[in-house]
file input_9.cif (mmCIF, C-alpha atoms and all ligand atoms)
data_start
loop_
_atom_site.label_atom_id
_atom_site.label_comp_id
_atom_site.auth_asym_id
_atom_site.auth_seq_id
_atom_site.Cartn_x
_atom_site.Cartn_y
_atom_site.Cartn_z
CA MET O 975 -31.24 -4.13 83.37
CA LYS O 976 -29.22 -4.00 86.58
CA ALA O 977 -30.77 -5.88 89.48
CA MET O 978 -29.82 -6.84 93.02
CA LEU O 979 -30.20 -10.61 92.93
CA MET O 980 -30.51 -12.73 96.05
CA LYS O 981 -29.02 -16.05 94.95
CA GLU O 982 -28.73 -17.60 98.41
CA PHE O 983 -29.96 -16.93 101.93
CA GLY O 984 -27.60 -15.42 104.46
CA GLY O 985 -25.92 -12.12 105.32
CA PRO O 986 -25.94 -8.90 103.26
CA ASP O 987 -23.29 -10.35 100.94
CA ALA O 988 -25.88 -12.83 99.69
CA LEU O 989 -26.96 -9.90 97.47
CA SER O 990 -25.31 -9.65 94.07
CA TYR O 991 -25.56 -6.67 91.65
CA GLU O 992 -25.94 -8.19 88.19
CA GLU O 993 -27.17 -7.61 84.64
CA ILE O 994 -30.35 -9.57 83.87
CA ASP O 995 -33.09 -9.45 81.26
CA THR O 996 -35.63 -6.65 81.67
CA PRO O 997 -39.05 -8.24 82.38
CA ALA O 998 -41.51 -8.39 79.47
CA VAL O 999 -44.89 -6.79 80.18
CA GLY O 1000 -48.13 -8.77 79.89
CA PRO O 1001 -51.37 -7.22 78.58
CA ASP O 1002 -52.45 -5.89 82.02
CA ASP O 1003 -48.98 -4.90 83.23
CA VAL O 1004 -46.79 -1.84 83.37
CA LEU O 1005 -43.00 -1.62 83.48
CA VAL O 1006 -41.79 0.95 86.01
CA GLU O 1007 -38.33 2.52 86.09
CA VAL O 1008 -37.54 2.39 89.80
CA HIS O 1009 -36.49 5.64 91.51
CA ALA O 1010 -37.01 4.54 95.12
CA VAL O 1011 -37.54 1.36 97.13
CA SER O 1012 -37.06 1.07 100.88
CA ILE O 1013 -35.44 -1.54 103.07
CA ASN O 1014 -37.97 -3.19 105.37
CA ARG O 1015 -36.67 -5.24 108.26
CA THR O 1016 -39.21 -8.05 107.86
CA PHE O 1017 -39.51 -8.24 104.07
CA ASP O 1018 -35.83 -7.60 103.29
CA ILE O 1019 -33.62 -8.53 106.24
CA TYR O 1020 -35.67 -11.47 107.56
CA LEU O 1021 -36.46 -12.72 104.03
CA ARG O 1022 -32.76 -12.56 103.13
CA GLU O 1023 -31.91 -14.52 106.28
CA ASN O 1024 -34.76 -16.95 105.52
CA THR O 1025 -36.29 -16.30 108.94
CA TYR O 1026 -39.55 -14.80 107.56
CA ALA O 1027 -42.79 -16.81 107.45
CA TYR O 1028 -42.37 -17.37 103.67
CA THR O 1029 -39.38 -18.77 101.78
CA PRO O 1030 -39.05 -17.37 98.24
CA ASP O 1031 -37.68 -19.34 95.29
CA LEU O 1032 -34.10 -18.36 94.41
CA PRO O 1033 -32.80 -16.36 92.74
CA HIS O 1034 -35.06 -13.66 94.11
CA ILE O 1035 -35.32 -9.87 93.83
CA LEU O 1036 -36.35 -8.07 97.03
CA GLY O 1037 -38.16 -4.72 97.20
CA VAL O 1038 -41.78 -4.39 98.30
CA ASP O 1039 -42.49 -0.68 97.83
CA PRO O 1040 -41.01 0.69 94.59
CA SER O 1041 -41.88 4.10 93.20
CA GLY O 1042 -40.90 5.33 89.78
CA VAL O 1043 -41.90 6.24 86.25
CA ILE O 1044 -43.90 4.05 83.86
CA VAL O 1045 -41.81 3.29 80.77
CA GLU O 1046 -44.03 0.69 79.09
CA VAL O 1047 -47.72 -0.31 79.29
CA GLY O 1048 -49.42 -3.57 78.33
CA GLU O 1049 -51.88 -3.62 75.41
CA LYS O 1050 -55.01 -3.75 77.63
CA VAL O 1051 -53.95 -0.94 79.98
CA THR O 1052 -56.02 2.21 79.48
CA ASP O 1053 -55.71 4.17 82.73
CA ARG O 1054 -51.90 4.42 82.96
CA LYS O 1055 -49.48 5.84 80.41
CA VAL O 1056 -45.76 6.12 79.80
CA GLY O 1057 -44.35 8.91 81.95
CA ASP O 1058 -46.80 8.50 84.87
CA ARG O 1059 -45.19 8.69 88.33
CA VAL O 1060 -46.51 5.75 90.34
CA PHE O 1061 -46.14 3.78 93.54
CA CYS O 1062 -46.40 -0.02 93.22
CA SER O 1063 -48.53 -1.82 95.82
CA LEU O 1064 -47.22 -4.80 97.74
CA PHE O 1065 -50.38 -6.72 96.87
CA VAL O 1066 -50.59 -7.99 93.29
CA PRO O 1067 -53.65 -10.03 92.20
CA THR O 1068 -52.67 -13.50 91.10
CA THR O 1069 -54.20 -16.44 89.30
CA ARG O 1070 -51.71 -18.85 90.84
CA SER O 1071 -53.29 -22.00 92.20
CA ASN O 1072 -51.49 -21.60 95.56
CA PRO O 1073 -51.70 -17.85 96.32
CA TYR O 1074 -49.84 -16.51 99.32
CA MET O 1075 -52.81 -14.69 100.84
CA ALA O 1076 -56.27 -13.31 100.09
CA ILE O 1077 -56.89 -9.60 100.71
CA PRO O 1078 -60.42 -8.16 101.08
CA GLY O 1079 -61.37 -6.33 97.89
CA LEU O 1080 -58.51 -7.91 95.91
CA GLY O 1081 -58.89 -11.67 96.32
CA PRO O 1082 -55.82 -13.92 96.05
CA VAL O 1083 -52.58 -11.96 95.87
CA ASP O 1084 -48.86 -12.31 95.41
CA PHE O 1085 -46.59 -10.06 97.48
CA LEU O 1086 -44.29 -7.91 95.34
CA GLY O 1087 -40.69 -8.53 96.40
CA VAL O 1088 -41.71 -11.52 98.54
CA THR O 1089 -43.52 -14.16 96.48
CA ILE O 1090 -42.67 -12.49 93.12
CA TRP O 1091 -39.70 -10.37 92.03
CA GLY O 1092 -39.75 -6.86 93.47
CA GLY O 1093 -38.22 -3.44 93.03
CA ASN O 1094 -34.53 -3.90 93.83
CA ALA O 1095 -33.78 -3.40 90.16
CA GLN O 1096 -33.69 -0.71 87.49
CA TYR O 1097 -37.16 -1.80 86.38
CA VAL O 1098 -40.05 -3.63 88.00
CA ARG O 1099 -43.06 -5.20 86.31
CA THR O 1100 -46.41 -5.10 88.06
CA VAL O 1101 -50.14 -5.12 87.32
CA ALA O 1102 -51.25 -1.63 86.20
CA SER O 1103 -54.29 -1.64 88.51
CA ARG O 1104 -51.97 -2.01 91.51
CA THR O 1105 -50.08 1.17 90.80
CA VAL O 1106 -51.15 4.45 92.38
CA PRO O 1107 -50.35 7.87 90.90
CA ILE O 1108 -47.94 9.88 93.04
CA PRO O 1109 -49.10 13.45 93.76
CA ASN O 1110 -46.75 16.16 92.45
CA ASN O 1111 -45.86 17.41 95.92
CA LEU O 1112 -44.10 14.13 96.82
CA THR O 1113 -40.65 12.94 95.81
CA PHE O 1114 -40.24 9.29 94.82
CA HIS O 1115 -38.39 8.69 98.09
CA GLU O 1116 -41.26 10.11 100.13
CA ALA O 1117 -43.85 8.25 98.04
CA THR O 1118 -42.17 4.92 98.73
CA VAL O 1119 -42.31 5.45 102.50
CA ILE O 1120 -45.86 6.81 102.41
CA GLY O 1121 -47.10 4.02 100.15
CA ARG O 1122 -45.56 1.40 102.36
CA HIS O 1123 -46.87 2.65 105.70
CA LEU O 1124 -49.61 5.28 105.63
CA GLY O 1125 -52.51 3.07 104.49
CA THR O 1126 -51.85 0.54 107.25
CA ALA O 1127 -51.48 3.32 109.82
CA VAL O 1128 -54.85 4.81 108.79
CA ASN O 1129 -56.50 1.40 109.07
CA GLN O 1130 -54.98 0.72 112.48
CA VAL O 1131 -55.61 4.12 114.05
CA GLU O 1132 -58.95 5.10 112.49
CA ASN O 1133 -60.67 1.77 111.83
CA VAL O 1134 -59.32 -0.49 114.59
CA LEU O 1135 -58.66 1.99 117.41
CA GLY O 1136 -61.36 4.44 116.25
CA VAL O 1137 -59.29 7.27 117.67
CA SER O 1138 -60.91 10.65 118.42
CA GLY O 1139 -59.94 13.85 120.23
CA ASP O 1140 -60.68 12.25 123.61
CA ASP O 1141 -58.06 9.54 123.19
CA MET O 1142 -54.53 9.20 124.43
CA VAL O 1143 -52.55 6.92 122.14
CA LEU O 1144 -49.20 5.24 122.82
CA VAL O 1145 -47.08 4.51 119.74
CA MET O 1146 -44.19 2.08 120.23
CA GLY O 1147 -41.19 2.01 117.88
CA ALA O 1148 -42.39 5.48 117.00
CA THR O 1149 -39.71 6.39 114.45
CA GLY O 1150 -40.22 3.11 112.57
CA GLY O 1151 -41.96 3.43 109.23
CA LEU O 1152 -45.32 2.39 110.65
CA GLY O 1153 -44.93 4.11 114.01
CA ALA O 1154 -44.09 7.46 112.39
CA ALA O 1155 -47.22 7.21 110.26
CA CYS O 1156 -49.40 6.16 113.23
CA ILE O 1157 -48.31 9.25 115.21
CA GLN O 1158 -49.49 11.50 112.39
CA VAL O 1159 -52.80 9.72 111.78
CA ALA O 1160 -53.61 9.85 115.50
CA LYS O 1161 -52.81 13.57 115.55
CA TRP O 1162 -55.10 14.19 112.55
CA ALA O 1163 -57.88 12.63 114.63
CA GLY O 1164 -57.11 15.06 117.46
CA ALA O 1165 -55.72 12.51 119.91
CA THR O 1166 -52.93 13.14 122.39
CA VAL O 1167 -49.95 11.04 121.33
CA ILE O 1168 -47.26 9.55 123.53
CA ALA O 1169 -44.44 8.34 121.30
CA ALA O 1170 -41.97 5.78 122.61
CA ALA O 1171 -38.63 4.87 121.07
CA GLY O 1172 -35.32 3.33 122.03
CA SER O 1173 -32.96 6.33 121.98
CA ASP O 1174 -33.10 9.99 122.98
CA ASP O 1175 -32.46 11.07 119.37
CA ARG O 1176 -35.36 9.01 118.13
CA VAL O 1177 -37.65 10.29 120.91
CA GLU O 1178 -36.73 13.83 119.84
CA ALA O 1179 -37.59 12.98 116.22
CA THR O 1180 -41.10 11.87 117.24
CA LEU O 1181 -41.82 15.34 118.61
CA GLY O 1182 -41.01 16.70 115.14
CA LEU O 1183 -43.69 14.37 113.77
CA GLY O 1184 -46.25 15.94 116.08
CA ALA O 1185 -46.16 13.67 119.13
CA ASP O 1186 -47.15 15.45 122.32
CA TYR O 1187 -44.84 13.49 124.64
CA GLY O 1188 -41.87 11.21 124.15
CA ILE O 1189 -40.55 8.31 126.25
CA ASN O 1190 -37.27 6.43 125.84
CA TYR O 1191 -38.29 2.86 126.71
CA ARG O 1192 -34.67 1.78 127.08
CA SER O 1193 -33.76 4.33 129.76
CA GLN O 1194 -37.12 5.16 131.36
CA ASP O 1195 -39.82 3.05 133.01
CA LEU O 1196 -42.45 3.03 130.25
CA THR O 1197 -45.46 2.20 132.44
CA GLU O 1198 -44.54 4.72 135.14
CA GLU O 1199 -44.09 7.49 132.54
CA VAL O 1200 -47.35 6.71 130.74
CA LEU O 1201 -49.29 6.65 133.99
CA LYS O 1202 -47.77 10.00 134.97
CA LEU O 1203 -48.86 11.51 131.65
CA THR O 1204 -52.39 10.09 131.87
CA ASP O 1205 -53.21 10.94 135.52
CA GLY O 1206 -52.83 7.29 136.42
CA LYS O 1207 -55.50 6.13 133.95
CA GLY O 1208 -53.38 4.70 131.12
CA VAL O 1209 -53.75 5.19 127.38
CA THR O 1210 -56.95 4.34 125.53
CA GLY O 1211 -55.16 3.03 122.43
CA VAL O 1212 -51.80 1.51 121.56
CA CYS O 1213 -49.96 0.92 118.28
CA ASP O 1214 -47.27 -1.66 119.03
CA SER O 1215 -45.79 -3.50 116.06
CA VAL O 1216 -42.46 -3.98 117.84
CA ALA O 1217 -43.48 -6.86 120.16
CA ASP O 1218 -40.34 -6.65 122.24
CA PRO O 1219 -40.47 -9.20 125.09
CA ALA O 1220 -38.78 -6.58 127.30
CA THR O 1221 -41.49 -3.95 126.81
CA PHE O 1222 -44.70 -5.80 125.86
CA ASN O 1223 -46.02 -6.28 129.40
CA GLN O 1224 -45.04 -2.72 130.26
CA VAL O 1225 -47.27 -1.67 127.39
CA ILE O 1226 -50.10 -3.87 128.66
CA HIS O 1227 -49.77 -2.24 132.10
CA SER O 1228 -49.88 1.21 130.47
CA MET O 1229 -53.37 0.63 129.05
CA ALA O 1230 -56.58 2.10 130.48
CA ARG O 1231 -59.60 -0.13 131.17
CA GLY O 1232 -61.23 -1.17 127.92
CA ALA O 1233 -58.25 0.01 125.82
CA THR O 1234 -57.20 -1.61 122.54
CA LEU O 1235 -53.72 -2.52 121.29
CA VAL O 1236 -53.30 -2.95 117.55
CA THR O 1237 -50.33 -4.75 116.02
CA ALA O 1238 -49.10 -5.36 112.48
CA GLY O 1239 -45.99 -7.30 113.31
CA ASN O 1240 -43.02 -8.06 115.47
CA ALA O 1241 -40.17 -5.78 114.41
CA SER O 1242 -38.22 -7.20 117.36
CA GLY O 1243 -37.95 -10.45 115.41
CA THR O 1244 -39.40 -12.32 118.41
CA ALA O 1245 -42.67 -14.11 117.74
CA ASP O 1246 -43.60 -14.81 121.37
CA VAL O 1247 -43.96 -12.22 124.10
CA PRO O 1248 -44.93 -12.56 127.80
CA LEU O 1249 -48.48 -11.36 128.42
CA SER O 1250 -50.18 -10.66 131.76
CA VAL O 1251 -53.49 -12.42 131.20
CA ARG O 1252 -54.66 -11.19 134.59
CA ARG O 1253 -54.23 -7.59 133.47
CA LEU O 1254 -55.88 -8.42 130.14
CA TYR O 1255 -59.13 -9.68 131.67
CA LEU O 1256 -59.27 -7.41 134.71
CA TYR O 1257 -58.86 -4.36 132.48
CA MET O 1258 -60.99 -5.79 129.63
CA LEU O 1259 -58.22 -5.05 127.16
CA LYS O 1260 -58.30 -5.95 123.48
CA ILE O 1261 -55.38 -6.98 121.28
CA VAL O 1262 -56.09 -6.83 117.55
CA GLY O 1263 -53.88 -7.93 114.67
CA GLU O 1264 -54.24 -5.70 111.59
CA PRO O 1265 -51.33 -5.58 109.14
CA ARG O 1266 -53.34 -4.47 106.09
CA GLU O 1267 -54.73 -1.38 104.49
CA ALA O 1268 -58.51 -1.12 104.30
CA PRO O 1269 -59.87 -1.72 100.75
CA GLY O 1270 -58.95 1.42 98.79
CA GLY O 1271 -56.70 2.47 101.67
CA LEU O 1272 -53.57 2.85 99.57
CA GLU O 1273 -55.26 5.22 97.13
CA GLU O 1274 -56.77 7.13 100.08
CA ALA O 1275 -53.32 7.44 101.70
CA PHE O 1276 -51.98 9.16 98.57
CA VAL O 1277 -55.00 11.46 98.37
CA ARG O 1278 -54.26 12.59 101.93
CA ALA O 1279 -50.52 12.89 101.30
CA GLY O 1280 -51.28 14.95 98.19
CA LYS O 1281 -52.85 17.60 100.41
CA GLY O 1282 -49.44 18.13 102.02
CA GLY O 1283 -48.16 17.95 105.55
CA VAL O 1284 -47.28 14.24 105.78
CA LYS O 1285 -43.80 13.96 107.26
CA VAL O 1286 -41.44 11.18 106.29
CA LEU O 1287 -38.32 10.17 108.25
CA ILE O 1288 -35.53 9.15 105.88
CA ASP O 1289 -32.18 8.10 107.33
CA GLN O 1290 -30.25 7.63 104.08
CA VAL O 1291 -30.76 7.34 100.31
CA MET O 1292 -28.26 5.00 98.66
CA PRO O 1293 -27.63 3.66 95.14
CA LEU O 1294 -29.05 0.20 94.45
CA SER O 1295 -25.53 -1.19 93.99
CA GLN O 1296 -24.93 -0.46 97.70
CA ALA O 1297 -27.89 -2.55 98.88
CA ALA O 1298 -25.68 -4.76 101.06
CA ASP O 1299 -24.43 -1.67 102.94
CA ALA O 1300 -28.00 -0.43 103.15
CA HIS O 1301 -29.03 -3.73 104.78
CA ARG O 1302 -26.13 -3.40 107.23
CA ARG O 1303 -27.26 0.13 108.08
CA VAL O 1304 -30.79 -1.08 108.85
CA GLU O 1305 -29.47 -4.01 110.88
CA SER O 1306 -27.21 -1.70 112.90
CA ARG O 1307 -30.30 0.23 114.09
CA GLU O 1308 -28.12 3.34 114.29
CA GLY O 1309 -30.18 5.64 112.11
CA THR O 1310 -33.53 7.34 112.50
CA GLY O 1311 -36.00 6.66 109.72
CA LYS O 1312 -35.98 4.62 106.54
CA VAL O 1313 -33.09 3.61 104.34
CA VAL O 1314 -34.11 4.07 100.70
CA LEU O 1315 -32.40 2.65 97.59
CA ASP O 1316 -32.46 4.75 94.41
CA PRO O 1317 -31.30 2.80 91.32
CA THR O 1318 -31.03 6.03 89.32
CA LEU O 1319 -28.03 7.00 91.51
CA ASP O 1320 -25.92 4.13 90.12
N1 LIG G 1 -47.38 -1.11 106.32
C1 LIG G 1 -46.62 -1.41 107.37
O1 LIG G 1 -45.91 -0.57 107.90
C2 LIG G 1 -46.69 -2.79 107.89
C3 LIG G 1 -47.65 -3.68 107.37
C4 LIG G 1 -47.70 -4.97 107.86
C5 LIG G 1 -46.80 -5.36 108.85
N2 LIG G 1 -45.86 -4.49 109.32
C6 LIG G 1 -44.93 -4.94 110.35
O2 LIG G 1 -44.92 -4.02 111.45
C7 LIG G 1 -43.64 -4.04 112.06
C8 LIG G 1 -43.11 -2.61 112.15
O3 LIG G 1 -42.87 -2.17 110.83
P1 LIG G 1 -41.92 -0.94 110.54
O4 LIG G 1 -41.79 -0.87 109.09
O5 LIG G 1 -42.39 0.24 111.29
O6 LIG G 1 -40.54 -1.44 111.18
P2 LIG G 1 -39.24 -0.60 111.47
O7 LIG G 1 -39.21 0.63 110.63
O8 LIG G 1 -38.10 -1.54 111.42
O9 LIG G 1 -39.48 -0.05 112.95
C9 LIG G 1 -39.68 -0.83 114.01
C10 LIG G 1 -39.18 -0.15 115.28
O10 LIG G 1 -39.08 -1.19 116.23
C11 LIG G 1 -38.13 -0.82 117.22
N3 LIG G 1 -37.46 -2.01 117.74
C12 LIG G 1 -37.47 -2.40 119.03
N4 LIG G 1 -36.78 -3.53 119.19
C13 LIG G 1 -36.29 -3.85 117.99
C14 LIG G 1 -35.47 -4.91 117.53
N5 LIG G 1 -35.03 -5.87 118.35
N6 LIG G 1 -35.15 -4.93 116.23
C15 LIG G 1 -35.60 -3.99 115.40
N7 LIG G 1 -36.39 -2.96 115.78
C16 LIG G 1 -36.74 -2.89 117.07
C17 LIG G 1 -37.18 0.15 116.55
O11 LIG G 1 -37.21 1.33 117.30
P3 LIG G 1 -36.14 1.60 118.47
O12 LIG G 1 -34.79 1.18 117.91
O13 LIG G 1 -36.27 3.06 118.68
O14 LIG G 1 -36.55 0.75 119.62
C18 LIG G 1 -37.79 0.43 115.18
O15 LIG G 1 -37.86 1.81 114.91
C19 LIG G 1 -42.76 -4.95 111.23
O16 LIG G 1 -42.74 -6.23 111.84
C20 LIG G 1 -43.49 -5.01 109.89
O17 LIG G 1 -43.23 -6.18 109.19
C21 LIG G 1 -45.80 -3.22 108.87
#

call {"tool": "encode", "arguments": {"input": "input_9.cif", "output": "structure tokens"}}
result
Amino acid sequence: MKAMLMKEFGGPDALSYEEIDTPAVGPDDVLVEVHAVSINRTFDIYLRENTYAYTPDLPHILGVDPSGVIVEVGEKVTDRKVGDRVFCSLFVPTTRSNPYMAIPGLGPVDFLGVTIWGGNAQYVRTVASRTVPIPNNLTFHEATVIGRHLGTAVNQVENVLGVSGDDMVLVMGATGGLGAACIQVAKWAGATVIAAAGSDDRVEATLGLGADYGINYRSQDLTEEVLKLTDGKGVTGVCDSVADPATFNQVIHSMARGATLVTAGNASGTADVPLSVRRLYLYMLKIVGEPREAPGGLEEAFVRAGKGGVKVLIDQVMPLSQAADAHRRVESREGTGKVVLDPTLD
């Protein structure tokens, strides 16, 4: 099969489009012909640069969220068949003695595309039980973005923030994969959503996702704008997985008394941000880390998406052979929405 191999760490040219052996399936596995896999800043760009928290063995194949068609099933697999359209979960149960992480409901796991080879290839092998059927109303490209982000967004907005119709929620990096999903989950719960992004185009795009108000945090004073929109009270919930040192304290000062901020990451690439501890304790604020789906959350995300109405922002779809250009596009931060690779376009 054709695969995009990462043979060294470095810039986009560290990726090399090569012919390699197609993986053999084990008894519990399926082999999936990949039709879509997205570029994620942390798991693709930072992993390629070797600035992520985990260093993979080389050569490595990136790609954490492949969608495609099952072309082979292992001998013990009974609930998947050749021809099924599936999304492959990031979390793959492992029996390795030094697993990367344990996930509630799954136990020790490998991360597809991070600790084991992922979906930047014509075919990807994974455990059948970690594939989820894609509803007919979704394209593979949409399924990849939904599978990657919606389950985490539901967990953050519904389970951590516990959002209801009385809430006003601020979403930072609101056209990012996670931010775009958080806007929609908060709207389903009836909340008023203030979406914040770094360009006027991107702010405009958030309104198309259902946000009630948009703020450009590069050209406007974020705190001042949020306080104007909330009658001086501040928002009751925040989704901020950007962690930009330039905006983090502005976010903290935009929060109402007792409000909660939930984070899954630091898309800014900066691990440490300034924090007004005085504001934190005087306003009894909470900051919660939650980067995961709830148990069963991925399956639930596809059930909801199957009912229609989930919007996905896609910047570009590119052939797998152009992965280096796709990485450059994501690094440029010029587009709005996800960059998706489709190996069937090669
Ligand atoms: N399922 C999930 O989605 C999930 C799960 C676990 C962890 N995470 C983590 O959550 C974070 C957000 O994920 P994501 O997929 O939404 O990321 P993303 O698509 O790259 O979006 C992040 C947003 O951050 C903003 N941003 C501000 N400063 C930035 C900078 N210096 N560099 C890059 N972006 C910057 C960008 O918006 P503007 O350009 O408009 O400012 C961008 O739209 C990542 O760290 C990811 O690893 C996500």

call {"tool": "axis_aligned_box", "arguments": {"input": "input_9.cif", "around": "ligand LIG 1 (chain G)", "padding_each_side": "6 Å", "output": "lines of an AutoDock Vina configuration file"}}
result
center_x = -41.2
center_y = -1.6
center_z = 113.0
size_x = 24.9
size_y = 21.3
size_z = 25.3

call {"tool": "residues_around", "arguments": {"input": "input_9.cif", "residues": "Arg1303 (chain O)", "least_positions_apart": "5", "cutoff": "10 Å", "atoms": "only C-alpha atoms", "output": "ChimeraX atom specification"}}
result
/O:1013,1289-1290,1297-1298,1308-1309,1312-1313

call {"tool": "closest_residue", "arguments": {"input": "input_9.cif", "among": "O:Thr1210, O:Ser1173, O:Asn1129, O:Ser1215", "to": "Gly1232 (chain O)", "atoms": "all atoms listed in the file"}}
result
O:Thr1210

call {"tool": "residues_near_ligand", "arguments": {"input": "input_9.cif", "ligand": "ligand LIG 1 (chain G)", "cutoff": "6 Å", "atoms": "all atoms listed in the file", "output": "PyMOL selection string"}}
result
chain O and resi 1014-1016+1122-1123+1126+1147+1149-1153+1171-1173+1215-1216+1218+1238-1242+1265-1266+1307

call {"tool": "atom_distance", "arguments": {"input": "input_9.cif", "atom1": "CA of Lys1281 (chain O)", "atom2": "CA of Pro1109 (chain O)"}}
result
8.7 Å

call {"tool": "closest_residue", "arguments": {"input": "input_9.cif", "among": "O:Ala1233, O:Val1011, O:Ala1268, O:Ala998", "to": "Leu1256 (chain O)", "atoms": "only C-alpha atoms"}}
result
O:Ala1233

call {"tool": "closest_atom_pairs", "arguments": {"input": "input_9.cif", "of": "region 1076-1193 of chain O", "to": "region 1020-1031 of chain O", "cutoff": "8 Å", "atoms": "all atoms listed in the file", "output": "CSV"}}
result
residue,atom,partner,partner_atom,distance
O:Val1088,CA,O:Pro1030,CA,6.4
O:Thr1089,CA,O:Pro1030,CA,5.8
O:Ile1090,CA,O:Pro1030,CA,7.9

call {"tool": "atom_distance", "arguments": {"input": "input_9.cif", "atom1": "CA of Gly1211 (chain O)", "atom2": "CA of Ala1245 (chain O)"}}
result
21.7 Å

call {"tool": "atom_distance", "arguments": {"input": "input_9.cif", "atom1": "CA of Lys976 (chain O)", "atom2": "CA of Phe1114 (chain O)"}}
result
19.1 Å

call {"tool": "closest_residue", "arguments": {"input": "input_9.cif", "among": "O:Thr1221, O:Ser1228, O:Thr1204, O:Ser1250", "to": "Asn1190 (chain O)", "atoms": "all atoms listed in the file"}}
result
O:Thr1221

call {"tool": "residues_around", "arguments": {"input": "input_9.cif", "residues": "Trp1091 (chain O)", "least_positions_apart": "6", "cutoff": "9 Å", "atoms": "only C-alpha atoms", "output": "list in words"}}
result
His1034, Ile1035, Leu1036, Gly1037, Val1038, Phe1085, Val1098 and Arg1099 of chain O

call {"tool": "closest_residue", "arguments": {"input": "input_9.cif", "among": "O:Met980, O:Val1006, O:Val1167, O:Ile1261", "to": "Gln1096 (chain O)", "atoms": "only C-alpha atoms"}}
result
O:Val1006

call {"tool": "residues_around", "arguments": {"input": "input_9.cif", "residues": "Val1101 (chain O)", "least_positions_apart": "3", "cutoff": "8 Å", "atoms": "only C-alpha atoms", "output": "ChimeraX atom specification"}}
result
/O:1002-1004,1066-1067,1104-1105

call {"tool": "closest_residue", "arguments": {"input": "input_9.cif", "among": "O:Pro1082, O:Gly1093, O:Pro1107, O:Pro1269", "to": "Pro997 (chain O)", "atoms": "all atoms listed in the file"}}
result
O:Gly1093

call {"tool": "closest_residue", "arguments": {"input": "input_9.cif", "among": "O:Ser1012, O:Ser1193, O:Ser1063, O:Ser1071", "to": "Thr1100 (chain O)", "atoms": "only C-alpha atoms"}}
result
O:Ser1063

call {"tool": "residues_near_point", "arguments": {"input": "input_9.cif", "point": "(-46.5, 14.5, 124.9)", "cutoff": "10 Å", "atoms": "all atoms listed in the file", "output": "ChimeraX atom specification"}}
result
/O:1142,1144,1166-1169,1180-1181,1184-1189,1200,1203

call {"tool": "write_last_selection", "arguments": {"input": "input_9.cif", "atoms": "C-alpha atoms", "output": "short mmCIF file (atom, residue, chain, number, x, y, z; two decimals), keeping the file's coordinate frame"}}
result
data_model
loop_
_atom_site.label_atom_id
_atom_site.label_comp_id
_atom_site.auth_asym_id
_atom_site.auth_seq_id
_atom_site.Cartn_x
_atom_site.Cartn_y
_atom_site.Cartn_z
CA MET O 1142 -54.53 9.20 124.43
CA LEU O 1144 -49.20 5.24 122.82
CA THR O 1166 -52.93 13.14 122.39
CA VAL O 1167 -49.95 11.04 121.33
CA ILE O 1168 -47.26 9.55 123.53
CA ALA O 1169 -44.44 8.34 121.30
CA THR O 1180 -41.10 11.87 117.24
CA LEU O 1181 -41.82 15.34 118.61
CA GLY O 1184 -46.25 15.94 116.08
CA ALA O 1185 -46.16 13.67 119.13
CA ASP O 1186 -47.15 15.45 122.32
CA TYR O 1187 -44.84 13.49 124.64
CA GLY O 1188 -41.87 11.21 124.15
CA ILE O 1189 -40.55 8.31 126.25
CA VAL O 1200 -47.35 6.71 130.74
CA LEU O 1203 -48.86 11.51 131.65
#

call {"tool": "build_atoms", "arguments": {"input": "input_9.cif", "residues": "region 1101-1110 of chain O", "atoms": "N, CA and C atoms", "output": "compact mmCIF listing (two decimals), keeping the file's coordinate frame"}}
result
# COMPACT_ATOMS: atom_id res chain seq x y z
N VAL O 1101 -48.82 -5.26 87.95
CA VAL O 1101 -50.14 -5.12 87.32
C VAL O 1101 -50.54 -3.64 87.38
N ALA O 1102 -50.96 -3.08 86.27
CA ALA O 1102 -51.25 -1.63 86.20
C ALA O 1102 -52.23 -1.20 87.28
N SER O 1103 -53.25 -2.03 87.55
CA SER O 1103 -54.29 -1.64 88.51
C SER O 1103 -53.75 -1.56 89.94
N ARG O 1104 -52.55 -2.09 90.18
CA ARG O 1104 -51.97 -2.01 91.51
C ARG O 1104 -50.89 -0.94 91.62
N THR O 1105 -50.94 -0.01 90.66
CA THR O 1105 -50.08 1.17 90.80
C THR O 1105 -50.98 2.35 91.19
N VAL O 1106 -50.40 3.28 91.94
CA VAL O 1106 -51.15 4.45 92.38
C VAL O 1106 -50.38 5.69 91.95
N PRO O 1107 -51.05 6.64 91.29
CA PRO O 1107 -50.35 7.87 90.90
C PRO O 1107 -49.79 8.61 92.11
N ILE O 1108 -48.59 9.13 91.96
CA ILE O 1108 -47.94 9.88 93.04
C ILE O 1108 -48.25 11.36 92.86
N PRO O 1109 -48.83 12.01 93.87
CA PRO O 1109 -49.10 13.45 93.76
C PRO O 1109 -47.80 14.23 93.53
N ASN O 1110 -47.93 15.37 92.84
CA ASN O 1110 -46.75 16.16 92.45
C ASN O 1110 -45.93 16.68 93.62
